[in-house]
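Peer 1: Sharing upload.cif here; it has mmCIF, C-alpha atoms.
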```cif
data_input
#
loop_
_atom_site.group_PDB
_atom_site.id
_atom_site.type_symbol
_atom_site.label_atom_id
_atom_site.label_comp_id
_atom_site.auth_asym_id
_atom_site.auth_seq_id
_atom_site.Cartn_x
_atom_site.Cartn_y
_atom_site.Cartn_z
ATOM 1 C CA MET A 1 128.016 3.526 266.089
ATOM 2 C CA SER A 2 124.392 2.619 266.850
ATOM 3 C CA ASN A 3 122.802 -0.763 267.456
ATOM 4 C CA ILE A 4 119.764 -1.042 265.203
ATOM 5 C CA VAL A 5 117.358 -3.975 265.225
ATOM 6 C CA LEU A 6 115.714 -4.547 261.846
ATOM 7 C CA ALA A 7 112.680 -6.665 261.007
ATOM 8 C CA GLY A 8 111.964 -7.341 257.344
ATOM 9 C CA SER A 9 115.633 -7.256 256.391
ATOM 10 C CA SER A 10 115.208 -9.673 253.465
ATOM 11 C CA GLY A 11 112.867 -7.433 251.480
ATOM 12 C CA ILE A 12 113.907 -4.920 248.816
ATOM 13 C CA LEU A 13 113.986 -1.977 251.203
ATOM 14 C CA GLY A 14 115.329 -3.970 254.159
ATOM 15 C CA THR A 15 118.241 -5.359 252.147
ATOM 16 C CA ALA A 16 119.297 -1.940 250.857
ATOM 17 C CA LEU A 17 118.827 -0.298 254.270
ATOM 18 C CA THR A 18 120.944 -2.951 255.982
ATOM 19 C CA LYS A 19 123.835 -2.449 253.564
ATOM 20 C CA SER A 20 123.665 1.316 253.849
ATOM 21 C CA LEU A 21 123.587 1.326 257.659
ATOM 22 C CA GLU A 22 126.452 -1.151 257.888
ATOM 23 C CA LEU A 23 128.558 0.916 255.494
ATOM 24 C CA GLN A 24 128.091 3.837 257.879
ATOM 25 C CA GLY A 25 129.411 1.755 260.769
ATOM 26 C CA HIS A 26 126.152 0.854 262.484
ATOM 27 C CA GLN A 27 125.553 -2.614 263.841
ATOM 28 C CA VAL A 28 122.393 -4.088 262.349
ATOM 29 C CA ILE A 29 120.729 -6.969 264.177
ATOM 30 C CA ARG A 30 118.300 -8.783 261.885
ATOM 31 C CA LEU A 31 115.147 -10.385 263.250
ATOM 32 C CA VAL A 32 114.616 -13.696 261.440
ATOM 33 C CA ARG A 33 112.016 -16.459 261.671
ATOM 34 C CA ARG A 34 114.525 -19.286 261.229
ATOM 35 C CA PRO A 35 117.204 -20.205 263.801
ATOM 36 C CA ALA A 36 119.648 -17.331 264.209
ATOM 37 C CA ASN A 37 122.986 -17.660 262.445
ATOM 38 C CA GLY A 38 125.595 -15.592 264.261
ATOM 39 C CA PRO A 39 125.564 -12.579 266.577
ATOM 40 C CA ASN A 40 123.871 -10.279 264.056
ATOM 41 C CA GLU A 41 120.642 -12.276 263.972
ATOM 42 C CA LEU A 42 117.862 -12.864 266.475
ATOM 43 C CA THR A 43 115.044 -15.364 266.091
ATOM 44 C CA TRP A 44 111.479 -14.182 266.576
ATOM 45 C CA ASN A 45 107.947 -15.228 265.708
ATOM 46 C CA PRO A 46 105.861 -12.142 264.978
ATOM 47 C CA THR A 47 102.688 -14.210 264.564
ATOM 48 C CA THR A 48 102.785 -15.438 268.158
ATOM 49 C CA GLY A 49 104.588 -12.395 269.534
ATOM 50 C CA THR A 50 107.534 -14.519 270.623
ATOM 51 C CA ILE A 51 110.870 -12.752 271.010
ATOM 52 C CA ALA A 52 113.635 -13.059 273.592
ATOM 53 C CA PRO A 53 112.898 -10.836 276.625
ATOM 54 C CA ASP A 54 116.284 -9.140 276.320
ATOM 55 C CA ALA A 55 116.291 -8.918 272.509
ATOM 56 C CA LEU A 56 116.072 -5.135 272.471
ATOM 57 C CA THR A 57 118.281 -4.434 275.485
ATOM 58 C CA ASN A 58 120.900 -1.762 274.689
ATOM 59 C CA CYS A 59 119.201 -1.198 271.350
ATOM 60 C CA ASP A 60 119.344 2.363 269.970
ATOM 61 C CA ALA A 61 116.545 1.972 267.440
ATOM 62 C CA VAL A 62 114.151 -0.551 265.933
ATOM 63 C CA VAL A 63 113.059 -0.488 262.285
ATOM 64 C CA ASN A 64 110.143 -2.730 261.332
ATOM 65 C CA LEU A 65 109.588 -3.352 257.615
ATOM 66 C CA ALA A 66 107.966 -6.788 257.996
ATOM 67 C CA GLY A 67 104.818 -7.622 256.070
ATOM 68 C CA GLU A 68 103.311 -10.061 253.556
ATOM 69 C CA SER A 69 103.491 -8.909 249.932
ATOM 70 C CA ILE A 70 100.322 -7.265 248.578
ATOM 71 C CA SER A 71 101.201 -7.806 244.904
ATOM 72 C CA SER A 72 99.297 -11.079 244.411
ATOM 73 C CA ARG A 73 95.538 -11.581 244.056
ATOM 74 C CA TRP A 74 93.797 -10.945 247.356
ATOM 75 C CA THR A 75 92.073 -14.159 248.300
ATOM 76 C CA ASN A 76 90.538 -14.208 251.776
ATOM 77 C CA PRO A 77 93.408 -16.286 253.224
ATOM 78 C CA ARG A 78 95.943 -13.925 251.658
ATOM 79 C CA LYS A 79 94.156 -10.857 252.995
ATOM 80 C CA LYS A 80 94.289 -12.425 256.443
ATOM 81 C CA ARG A 81 98.060 -12.952 256.093
ATOM 82 C CA ILE A 82 98.542 -9.386 254.828
ATOM 83 C CA VAL A 83 96.790 -7.977 257.886
ATOM 84 C CA GLU A 84 98.259 -10.295 260.519
ATOM 85 C CA SER A 85 101.831 -10.069 259.208
ATOM 86 C CA ARG A 86 101.723 -6.322 259.741
ATOM 87 C CA ILE A 87 99.654 -5.819 262.845
ATOM 88 C CA LEU A 88 100.939 -8.732 264.943
ATOM 89 C CA SER A 89 104.599 -8.021 264.166
ATOM 90 C CA THR A 90 104.138 -4.341 265.002
ATOM 91 C CA GLN A 91 102.319 -5.075 268.261
ATOM 92 C CA CYS A 92 105.073 -7.474 269.282
ATOM 93 C CA LEU A 93 107.837 -4.949 268.673
ATOM 94 C CA ALA A 94 105.895 -2.011 270.102
ATOM 95 C CA GLU A 95 105.337 -3.816 273.389
ATOM 96 C CA GLN A 96 108.953 -4.950 273.559
ATOM 97 C CA CYS A 97 110.236 -1.455 272.736
ATOM 98 C CA ALA A 98 108.185 -0.013 275.595
ATOM 99 C CA ARG A 99 109.485 -2.615 278.056
ATOM 100 C CA SER A 100 113.088 -2.121 276.941
ATOM 101 C CA ASN A 101 112.978 1.705 276.775
ATOM 102 C CA VAL A 102 114.050 1.772 273.140
ATOM 103 C CA PRO A 103 114.358 5.427 272.059
ATOM 104 C CA VAL A 104 112.742 5.128 268.618
ATOM 105 C CA LEU A 105 110.667 2.693 266.571
ATOM 106 C CA ILE A 106 110.424 3.345 262.820
ATOM 107 C CA ASN A 107 107.566 1.316 261.385
ATOM 108 C CA ALA A 108 106.438 0.771 257.807
ATOM 109 C CA SER A 109 103.013 1.855 256.668
ATOM 110 C CA ALA A 110 101.705 2.842 253.226
ATOM 111 C CA ILE A 111 99.873 5.558 251.340
ATOM 112 C CA GLY A 112 97.168 2.953 250.873
ATOM 113 C CA ILE A 113 95.710 4.462 254.042
ATOM 114 C CA TYR A 114 94.279 7.292 251.908
ATOM 115 C CA GLY A 115 92.218 5.135 249.563
ATOM 116 C CA ASN A 116 91.219 6.422 246.132
ATOM 117 C CA ARG A 117 91.267 10.244 246.292
ATOM 118 C CA ALA A 118 91.299 11.446 242.654
ATOM 119 C CA ASP A 119 93.151 14.794 242.388
ATOM 120 C CA GLU A 120 93.144 15.673 246.100
ATOM 121 C CA ILE A 121 96.588 16.566 247.447
ATOM 122 C CA LEU A 122 97.336 14.288 250.401
ATOM 123 C CA ASP A 123 99.765 14.751 253.269
ATOM 124 C CA GLU A 124 100.166 13.584 256.854
ATOM 125 C CA THR A 125 97.134 15.621 257.991
ATOM 126 C CA SER A 126 94.751 14.072 255.441
ATOM 127 C CA PRO A 127 92.102 11.709 256.850
ATOM 128 C CA PRO A 128 92.022 8.017 255.917
ATOM 129 C CA GLY A 129 89.964 6.809 253.013
ATOM 130 C CA VAL A 130 87.967 3.587 252.723
ATOM 131 C CA GLY A 131 88.828 0.059 251.645
ATOM 132 C CA PHE A 132 90.851 -2.985 252.618
ATOM 133 C CA LEU A 133 94.214 -1.229 252.388
ATOM 134 C CA THR A 134 92.921 1.730 254.390
ATOM 135 C CA ASP A 135 91.700 -0.566 257.170
ATOM 136 C CA THR A 136 94.961 -2.524 257.085
ATOM 137 C CA CYS A 137 97.124 0.585 257.342
ATOM 138 C CA MET A 138 95.007 2.061 260.120
ATOM 139 C CA GLY A 139 95.357 -1.126 262.153
ATOM 140 C CA TRP A 140 99.067 -1.210 261.324
ATOM 141 C CA GLU A 141 99.605 2.295 262.671
ATOM 142 C CA HIS A 142 97.390 1.793 265.731
ATOM 143 C CA ALA A 143 99.481 -1.272 266.614
ATOM 144 C CA LEU A 144 102.236 1.175 267.601
ATOM 145 C CA ASP A 145 100.140 2.399 270.552
ATOM 146 C CA PRO A 146 101.971 0.350 273.233
ATOM 147 C CA ALA A 147 105.301 1.912 272.224
ATOM 148 C CA ARG A 148 103.823 5.393 271.968
ATOM 149 C CA SER A 149 102.216 5.079 275.382
ATOM 150 C CA GLY A 150 105.528 3.853 276.776
ATOM 151 C CA GLY A 151 107.366 6.985 275.727
ATOM 152 C CA VAL A 152 109.004 5.593 272.584
ATOM 153 C CA ARG A 153 109.269 7.981 269.642
ATOM 154 C CA THR A 154 107.279 6.230 266.937
ATOM 155 C CA VAL A 155 107.203 6.970 263.219
ATOM 156 C CA SER A 156 104.883 5.412 260.627
ATOM 157 C CA CYS A 157 106.504 5.665 257.192
ATOM 158 C CA ARG A 158 103.713 5.865 254.659
ATOM 159 C CA PHE A 159 105.642 4.542 251.674
ATOM 160 C CA GLY A 160 104.508 5.089 248.127
ATOM 161 C CA MET A 161 105.489 2.818 245.238
ATOM 162 C CA ILE A 162 109.162 1.974 245.772
ATOM 163 C CA LEU A 163 111.103 1.758 242.509
ATOM 164 C CA ALA A 164 114.137 -0.529 242.683
ATOM 165 C CA PRO A 165 116.623 -1.873 240.116
ATOM 166 C CA LYS A 166 115.649 -5.444 240.981
ATOM 167 C CA GLY A 167 112.269 -6.653 242.153
ATOM 168 C CA GLY A 168 109.171 -4.646 242.948
ATOM 169 C CA ALA A 169 107.017 -2.728 240.490
ATOM 170 C CA LEU A 170 109.757 -2.069 237.921
ATOM 171 C CA ALA A 171 110.586 -5.771 237.633
ATOM 172 C CA ARG A 172 106.927 -6.539 236.885
ATOM 173 C CA LEU A 173 106.463 -3.692 234.405
ATOM 174 C CA LYS A 174 109.703 -3.762 232.433
ATOM 175 C CA PRO A 175 109.124 -7.066 230.563
ATOM 176 C CA LEU A 176 105.792 -5.755 229.227
ATOM 177 C CA PHE A 177 107.411 -2.572 227.963
ATOM 178 C CA ASP A 178 110.367 -4.507 226.519
ATOM 179 C CA PHE A 179 107.911 -6.383 224.281
ATOM 180 C CA GLY A 180 106.049 -3.208 223.328
ATOM 181 C CA LEU A 181 103.030 -4.128 225.449
ATOM 182 C CA GLY A 182 103.298 -1.390 228.044
ATOM 183 C CA GLY A 183 100.945 1.493 228.517
ATOM 184 C CA PRO A 184 98.538 3.222 230.895
ATOM 185 C CA LEU A 185 96.311 1.330 233.293
ATOM 186 C CA GLY A 186 92.636 2.215 233.194
ATOM 187 C CA THR A 187 92.077 5.857 232.299
ATOM 188 C CA GLY A 188 95.698 6.754 233.023
ATOM 189 C CA LEU A 189 94.507 9.843 234.894
ATOM 190 C CA GLN A 190 95.116 8.430 238.358
ATOM 191 C CA TRP A 191 98.042 9.838 240.340
ATOM 192 C CA VAL A 192 101.026 7.626 241.166
ATOM 193 C CA SER A 193 103.100 8.559 244.216
ATOM 194 C CA TRP A 194 106.466 6.861 243.917
ATOM 195 C CA ILE A 195 109.973 6.939 245.398
ATOM 196 C CA HIS A 196 113.388 5.704 244.285
ATOM 197 C CA LEU A 197 114.783 2.989 246.552
ATOM 198 C CA ALA A 198 117.817 5.131 247.398
ATOM 199 C CA ASP A 199 115.527 7.894 248.640
ATOM 200 C CA ALA A 200 113.396 5.438 250.626
ATOM 201 C CA VAL A 201 116.582 4.265 252.362
ATOM 202 C CA GLY A 202 117.696 7.845 252.872
ATOM 203 C CA ALA A 203 114.326 8.810 254.319
ATOM 204 C CA VAL A 204 114.449 6.058 256.949
ATOM 205 C CA GLU A 205 117.973 7.075 257.933
ATOM 206 C CA HIS A 206 116.876 10.716 258.031
ATOM 207 C CA LEU A 207 113.950 9.881 260.323
ATOM 208 C CA LEU A 208 116.193 7.885 262.638
ATOM 209 C CA ALA A 209 118.235 11.055 263.153
ATOM 210 C CA GLN A 210 115.326 13.514 263.391
ATOM 211 C CA ASN A 211 114.633 13.310 267.108
ATOM 212 C CA ALA A 212 111.653 15.683 266.971
ATOM 213 C CA THR A 213 109.822 13.904 264.148
ATOM 214 C CA GLU A 214 107.124 11.395 265.054
ATOM 215 C CA GLY A 215 103.775 10.101 263.898
ATOM 216 C CA ALA A 216 102.847 9.560 260.268
ATOM 217 C CA VAL A 217 105.375 10.569 257.604
ATOM 218 C CA VAL A 218 104.653 10.378 253.882
ATOM 219 C CA VAL A 219 107.667 8.809 252.141
ATOM 220 C CA THR A 220 107.329 9.586 248.444
ATOM 221 C CA SER A 221 108.935 11.794 245.849
ATOM 222 C CA PRO A 222 107.667 15.388 246.003
ATOM 223 C CA ASN A 223 106.659 14.975 242.347
ATOM 224 C CA PRO A 224 103.874 12.426 241.803
ATOM 225 C CA VAL A 225 102.783 11.833 238.216
ATOM 226 C CA ARG A 226 99.659 10.636 236.493
ATOM 227 C CA GLN A 227 99.654 6.978 235.528
ATOM 228 C CA ALA A 228 99.800 7.733 231.810
ATOM 229 C CA GLN A 229 102.891 9.907 232.370
ATOM 230 C CA PHE A 230 104.456 7.175 234.498
ATOM 231 C CA ALA A 231 104.019 4.686 231.643
ATOM 232 C CA LYS A 232 105.223 7.150 229.008
ATOM 233 C CA THR A 233 108.351 8.041 231.004
ATOM 234 C CA LEU A 234 109.324 4.399 231.423
ATOM 235 C CA ALA A 235 108.627 3.664 227.756
ATOM 236 C CA ASN A 236 110.765 6.584 226.613
ATOM 237 C CA ARG A 237 113.676 5.413 228.757
ATOM 238 C CA LEU A 238 113.363 1.927 227.253
ATOM 239 C CA HIS A 239 112.863 3.318 223.716
ATOM 240 C CA ARG A 240 109.565 1.481 223.472
ATOM 241 C CA PRO A 241 106.001 2.603 222.688
ATOM 242 C CA SER A 242 103.427 3.284 225.385
ATOM 243 C CA TRP A 243 100.136 3.028 223.586
ATOM 244 C CA ILE A 244 98.498 -0.201 224.758
ATOM 245 C CA ARG A 245 96.016 0.797 227.426
ATOM 246 C CA THR A 246 94.871 -1.954 229.797
ATOM 247 C CA SER A 247 91.183 -1.507 230.486
ATOM 248 C CA ALA A 248 89.953 -1.432 234.055
ATOM 249 C CA TRP A 249 87.642 -4.397 233.490
ATOM 250 C CA ILE A 250 90.569 -6.565 232.385
ATOM 251 C CA LEU A 251 92.563 -5.613 235.485
ATOM 252 C CA ARG A 252 89.549 -6.411 237.676
ATOM 253 C CA LEU A 253 89.103 -9.737 235.919
ATOM 254 C CA PHE A 254 92.659 -10.858 236.677
ATOM 255 C CA ALA A 255 93.429 -8.976 239.898
ATOM 256 C CA GLY A 256 90.027 -8.636 241.566
ATOM 257 C CA GLN A 257 89.846 -6.183 244.456
ATOM 258 C CA MET A 258 93.568 -5.485 244.180
ATOM 259 C CA ALA A 259 92.937 -3.799 240.820
ATOM 260 C CA ASP A 260 90.744 -1.082 242.304
ATOM 261 C CA GLU A 261 92.754 -0.476 245.460
ATOM 262 C CA LEU A 262 96.280 -0.774 244.078
ATOM 263 C CA LEU A 263 96.436 -0.541 240.271
ATOM 264 C CA LEU A 264 93.620 1.903 239.505
ATOM 265 C CA THR A 265 93.621 4.021 242.653
ATOM 266 C CA SER A 266 94.683 7.665 242.623
ATOM 267 C CA GLN A 267 96.862 9.054 245.432
ATOM 268 C CA ARG A 268 98.514 12.428 244.905
ATOM 269 C CA CYS A 269 100.794 12.605 247.925
ATOM 270 C CA HIS A 270 102.925 15.463 249.224
ATOM 271 C CA PRO A 271 105.703 14.500 251.700
ATOM 272 C CA ALA A 272 105.175 17.566 253.888
ATOM 273 C CA LYS A 273 107.131 16.386 256.932
ATOM 274 C CA LEU A 274 110.173 15.340 254.914
ATOM 275 C CA CYS A 275 110.143 18.716 253.172
ATOM 276 C CA ALA A 276 109.804 20.532 256.507
ATOM 277 C CA THR A 277 112.842 18.708 257.925
ATOM 278 C CA ASP A 278 115.001 19.566 254.892
ATOM 279 C CA PHE A 279 115.280 16.053 253.521
ATOM 280 C CA VAL A 280 117.114 16.078 250.172
ATOM 281 C CA TRP A 281 115.947 13.674 247.472
ATOM 282 C CA LYS A 282 118.596 12.221 245.191
ATOM 283 C CA PHE A 283 115.952 11.423 242.583
ATOM 284 C CA PRO A 284 112.993 13.783 242.905
ATOM 285 C CA GLU A 285 112.014 13.451 239.229
ATOM 286 C CA LEU A 286 110.699 10.235 237.701
ATOM 287 C CA ASP A 287 112.771 10.406 234.518
ATOM 288 C CA LEU A 288 116.024 10.660 236.490
ATOM 289 C CA ALA A 289 114.891 7.832 238.747
ATOM 290 C CA PHE A 290 114.227 5.533 235.788
ATOM 291 C CA GLN A 291 117.529 6.541 234.205
ATOM 292 C CA ASP A 292 119.457 5.513 237.300
ATOM 293 C CA LEU A 293 117.521 2.307 237.903
ATOM 294 C CA LEU A 294 117.860 1.131 234.320
ATOM 295 C CA ASN A 295 121.543 2.058 234.297
ATOM 296 C CA ARG A 296 121.953 -0.228 237.299
ATOM 297 C CA GLN A 297 120.551 -3.047 235.199
ATOM 298 C CA GLY A 298 123.383 -2.495 232.704
ATOM 299 C CA LEU A 299 121.239 -1.172 229.881
ATOM 300 C CA SER A 300 123.605 1.675 229.034
ATOM 301 C CA GLY A 301 126.919 0.285 230.230
ATOM 302 C CA LYS A 302 127.008 2.628 233.237
ATOM 303 C CA ASP A 303 127.503 1.405 236.781
ATOM 304 C CA GLY A 304 124.918 3.609 238.477
ATOM 305 C CA SER A 305 127.606 5.136 240.660
ATOM 306 C CA MET A 306 126.011 8.580 240.899
ATOM 307 C CA ILE A 307 124.747 7.653 244.364
ATOM 308 C CA SER A 308 126.444 5.735 247.144
ATOM 309 C CA VAL A 309 123.599 3.589 248.484
ATOM 310 C CA PRO A 310 124.360 -0.070 247.610
ATOM 311 C CA LEU A 311 121.080 -1.168 246.052
ATOM 312 C CA GLU A 312 122.103 -4.551 244.684
#
```
Now that the file is in, can you turn its structure into structure tokens?

Peer 2:
Amino acid sequence: MSNIVLAGSSGILGTALTKSLELQGHQVIRLVRRPANGPNELTWNPTTGTIAPDALTNCDAVVNLAGESISSRWTNPRKKRIVESRILSTQCLAEQCARSNVPVLINASAIGIYGNRADEILDETSPPGVGFLTDTCMGWEHALDPARSGGVRTVSCRFGMILAPKGGALARLKPLFDFGLGGPLGTGLQWVSWIHLADAVGAVEHLLAQNATEGAVVVTSPNPVRQAQFAKTLANRLHRPSWIRTSAWILRLFAGQMADELLLTSQRCHPAKLCATDFVWKFPELDLAFQDLLNRQGLSGKDGSMISVPLE
């Protein structure tokens, strides 16, 4: 059994990861902002870098998934929170990991670091792009420097779009498709790099065990799709049409900068390091991923039991 400290445990990925690790017999200590409730919680303040000096003593690993949501319109105050919630929390944990000789720190990052790259195939060796998300992710990953310099094995998980049965992108898209209003965004030619929640959980667990793997790791399915295909696949699974295209100017009108950097951007990612370390995806194809996720919502009467990760 390992002692794993987890920040961001209340999010979609953090919740599923906690349940999976605990089912395997690991002890998960959650970092929370409120007063701790019981021995499996520790209070911290990532904004001020406040955490108990002995919080990570006898800790086998730290996983940091903390960060403000990027799915709302990016006002200047919100952009500030997006940046600070990632960089300050990471700096805090990186410094503490170095002082406490923690063996490994797994930290969230995102494929947003690549910017808009059209049809270019992107992996861990690809240079950063340009834009707010690129700058945010670069700062996020550089915030690991204190841990890296202190001899801690550090991993930056560059997550793509995580598809989950509840919450996240699918929860926002499904109601539109249910009413026959779904379809491609913009031209529909942009590449979407996605991953099923079960595989995102599995990838983090895999990286915890891969003692030789460090640095940036792309965490996506090995099979990205164009945006139009993404919309068509979801529509087919819901038995709905996928013909209403949302123009780029409409997305920019309602979402501002977020439209260009998140909804209309093209990132064709290849998870080279996961492939090289023989990671096995449970849902490498989008159609199978949607089938499982929608089954979990009870749409076909199945219980989604084809995989063991407790996602709900």

Peer 1: Region 215-251 of chain A near region 272-288 of chain A within 8 Å: what's each residue's closest atom pair and its distance in Å to one decimal, counting only C-alpha atoms, ordered by chain then ascending residue number, as JSON lines?

Peer 2:
```
{"residue": "A:Val217", "atom": "CA", "partner": "A:Lys273", "partner_atom": "CA", "distance": 6.1}
{"residue": "A:Val218", "atom": "CA", "partner": "A:Lys273", "partner_atom": "CA", "distance": 7.2}
{"residue": "A:Val219", "atom": "CA", "partner": "A:Leu274", "partner_atom": "CA", "distance": 7.5}
{"residue": "A:Ser221", "atom": "CA", "partner": "A:Pro284", "partner_atom": "CA", "distance": 5.4}
{"residue": "A:Pro222", "atom": "CA", "partner": "A:Pro284", "partner_atom": "CA", "distance": 6.4}
{"residue": "A:Asn223", "atom": "CA", "partner": "A:Glu285", "partner_atom": "CA", "distance": 6.4}
{"residue": "A:Phe230", "atom": "CA", "partner": "A:Leu286", "partner_atom": "CA", "distance": 7.7}
{"residue": "A:Thr233", "atom": "CA", "partner": "A:Asp287", "partner_atom": "CA", "distance": 6.1}
{"residue": "A:Leu234", "atom": "CA", "partner": "A:Asp287", "partner_atom": "CA", "distance": 7.6}
{"residue": "A:Arg237", "atom": "CA", "partner": "A:Asp287", "partner_atom": "CA", "distance": 7.7}
```

Peer 1: Taking the file as I've supplied it (selection: the PyMOL selection byres ((chain A and resi 154-158) around 6)), which residues are included? Please answer as a PyMOL selection string.

Peer 2: chain A and resi 104-111+152-153+159+214-219

Peer 1: Between CA of Gly150 (chain A) and CA of Ala98 (chain A), what is the distance, to one decimal in Å?

Peer 2: 4.8 Å

Peer 1: Gly180 (chain A): which residues within 9 Å, counting only C-alpha atoms, same-chain residues fewer than 2 positions away excluded, as a ChimeraX atom specification?

Peer 2: /A:175-178,182-183,235,240-244

Peer 1: Check what the PyMOL selection byres ((chain A and resi 193-201) around 7) selects in the file above and give those residues as a PDB file with C-alpha atoms, keeping the file's coordinate frame.

Peer 2:
```pdb
ATOM      1  CA  LEU A  13     113.986  -1.977 251.203  1.00  0.00           C
ATOM      2  CA  ALA A  16     119.297  -1.940 250.857  1.00  0.00           C
ATOM      3  CA  LEU A  17     118.827  -0.298 254.270  1.00  0.00           C
ATOM      4  CA  GLY A 160     104.508   5.089 248.127  1.00  0.00           C
ATOM      5  CA  MET A 161     105.489   2.818 245.238  1.00  0.00           C
ATOM      6  CA  ILE A 162     109.162   1.974 245.772  1.00  0.00           C
ATOM      7  CA  LEU A 163     111.103   1.758 242.509  1.00  0.00           C
ATOM      8  CA  ALA A 164     114.137  -0.529 242.683  1.00  0.00           C
ATOM      9  CA  TRP A 191      98.042   9.838 240.340  1.00  0.00           C
ATOM     10  CA  VAL A 192     101.026   7.626 241.166  1.00  0.00           C
ATOM     11  CA  GLY A 202     117.696   7.845 252.872  1.00  0.00           C
ATOM     12  CA  ALA A 203     114.326   8.810 254.319  1.00  0.00           C
ATOM     13  CA  VAL A 204     114.449   6.058 256.949  1.00  0.00           C
ATOM     14  CA  GLU A 205     117.973   7.075 257.933  1.00  0.00           C
ATOM     15  CA  VAL A 219     107.667   8.809 252.141  1.00  0.00           C
ATOM     16  CA  THR A 220     107.329   9.586 248.444  1.00  0.00           C
ATOM     17  CA  SER A 221     108.935  11.794 245.849  1.00  0.00           C
ATOM     18  CA  PRO A 224     103.874  12.426 241.803  1.00  0.00           C
ATOM     19  CA  VAL A 225     102.783  11.833 238.216  1.00  0.00           C
ATOM     20  CA  GLN A 267      96.862   9.054 245.432  1.00  0.00           C
ATOM     21  CA  ARG A 268      98.514  12.428 244.905  1.00  0.00           C
ATOM     22  CA  CYS A 269     100.794  12.605 247.925  1.00  0.00           C
ATOM     23  CA  TRP A 281     115.947  13.674 247.472  1.00  0.00           C
ATOM     24  CA  LYS A 282     118.596  12.221 245.191  1.00  0.00           C
ATOM     25  CA  PHE A 283     115.952  11.423 242.583  1.00  0.00           C
ATOM     26  CA  ALA A 289     114.891   7.832 238.747  1.00  0.00           C
ATOM     27  CA  VAL A 309     123.599   3.589 248.484  1.00  0.00           C
TER      28      VAL A 309
END
```

Peer 1: Could you please determine the separation between CA of Glu141 (chain A) and CA of Ile113 (chain A) in Å, to one decimal place?

Peer 2: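 These two atoms are separated by 9.7 Å.
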
Peer 1: For the provided coordinates, the residues matched by the PyMOL selection byres ((chain A and resi 122) around 7) should be stated as a short mmCIF file (atom, residue, chain, number, x, y, z; two decimals) with C-alpha atoms, in the frame of the given file.

Peer 2:
```cif
data_model
loop_
_atom_site.label_atom_id
_atom_site.label_comp_id
_atom_site.auth_asym_id
_atom_site.auth_seq_id
_atom_site.Cartn_x
_atom_site.Cartn_y
_atom_site.Cartn_z
CA GLU A 120 93.14 15.67 246.10
CA ILE A 121 96.59 16.57 247.45
CA ASP A 123 99.76 14.75 253.27
CA SER A 126 94.75 14.07 255.44
CA ARG A 268 98.51 12.43 244.90
CA CYS A 269 100.79 12.60 247.92
CA HIS A 270 102.92 15.46 249.22
#
```

Peer 1: Identify which of the residues A:Ala143, A:Leu189, A:Gly38, A:Val63 lies closest to Asp119 (chain A), counting only C-alpha atoms when measuring atom-to-atom distances.

Peer 2: A:Leu189

Peer 1: Specify the axis-aligned box that encloses all atoms of region 172-175 of chain A listed in the file after padding of 6 Å on each side, stating its centre and edge lengths in Å to one decimal as JSON.

Peer 2:
```
{"center_x": 108.1, "center_y": -5.4, "center_z": 233.7, "size_x": 15.2, "size_y": 15.4, "size_z": 18.3}
```

Peer 1: Could you give me, as a PyMOL selection string, the residues within 8 Å of Arg73 (chain A), counting all atoms listed in the file and dropping anything in the same chain fewer than 4 positions from it?

Peer 2: chain A and resi 78+254-258

Peer 1: Between CA of Leu144 (chain A) and CA of Gln96 (chain A), what distance in Å does the model show, to one decimal?

Peer 2: 10.9 Å

Peer 1: Restricting the calculation to only C-alpha atoms: of A:Ser10, A:Asn236, A:Thr43, A:Asn3, which residue gets closest to Val28 (chain A)?

Peer 2: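 For Val28 (chain A), the nearest of the given residues is A:Asn3.
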
Peer 1: Taking (101.5, -7.5, 254.7) in the file's coordinates as the center, which residues reach within 9 Å of it, counting only C-alpha atoms, put as a PDB file with C-alpha atoms, in the coordinates of the input?

Peer 2:
```pdb
ATOM      1  CA  ALA A  66     107.966  -6.788 257.996  1.00  0.00           C
ATOM      2  CA  GLY A  67     104.818  -7.622 256.070  1.00  0.00           C
ATOM      3  CA  GLU A  68     103.311 -10.061 253.556  1.00  0.00           C
ATOM      4  CA  SER A  69     103.491  -8.909 249.932  1.00  0.00           C
ATOM      5  CA  ILE A  70     100.322  -7.265 248.578  1.00  0.00           C
ATOM      6  CA  LYS A  79      94.156 -10.857 252.995  1.00  0.00           C
ATOM      7  CA  LYS A  80      94.289 -12.425 256.443  1.00  0.00           C
ATOM      8  CA  ARG A  81      98.060 -12.952 256.093  1.00  0.00           C
ATOM      9  CA  ILE A  82      98.542  -9.386 254.828  1.00  0.00           C
ATOM     10  CA  VAL A  83      96.790  -7.977 257.886  1.00  0.00           C
ATOM     11  CA  GLU A  84      98.259 -10.295 260.519  1.00  0.00           C
ATOM     12  CA  SER A  85     101.831 -10.069 259.208  1.00  0.00           C
ATOM     13  CA  ARG A  86     101.723  -6.322 259.741  1.00  0.00           C
ATOM     14  CA  ILE A  87      99.654  -5.819 262.845  1.00  0.00           C
ATOM     15  CA  THR A 136      94.961  -2.524 257.085  1.00  0.00           C
TER      16      THR A 136
END
```

Peer 1: Nearest to Leu173 (chain A) among A:Ile12, A:Ile250, A:Ala231, A:Cys137, with distances taken over only C-alpha atoms: which residue is it?

Peer 2: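 Ranked by minimum distance to Leu173 (chain A), first place goes to A:Ala231.
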
Peer 1: Compare A:Val130, A:Leu93, A:Leu294, A:Leu207 by their minimum atom-to-atom distance to His239 (chain A), counting all atoms listed in the file, and give me the closest one.

Peer 2: A:Leu294

Peer 1: Using all atoms listed in the file, can you tell me which of A:Asn295, A:Ser100, A:Gln229, A:Asn64 comes closest to Ala7 (chain A)?

Peer 2: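 Closest to Ala7 (chain A) of all the choices is A:Asn64.
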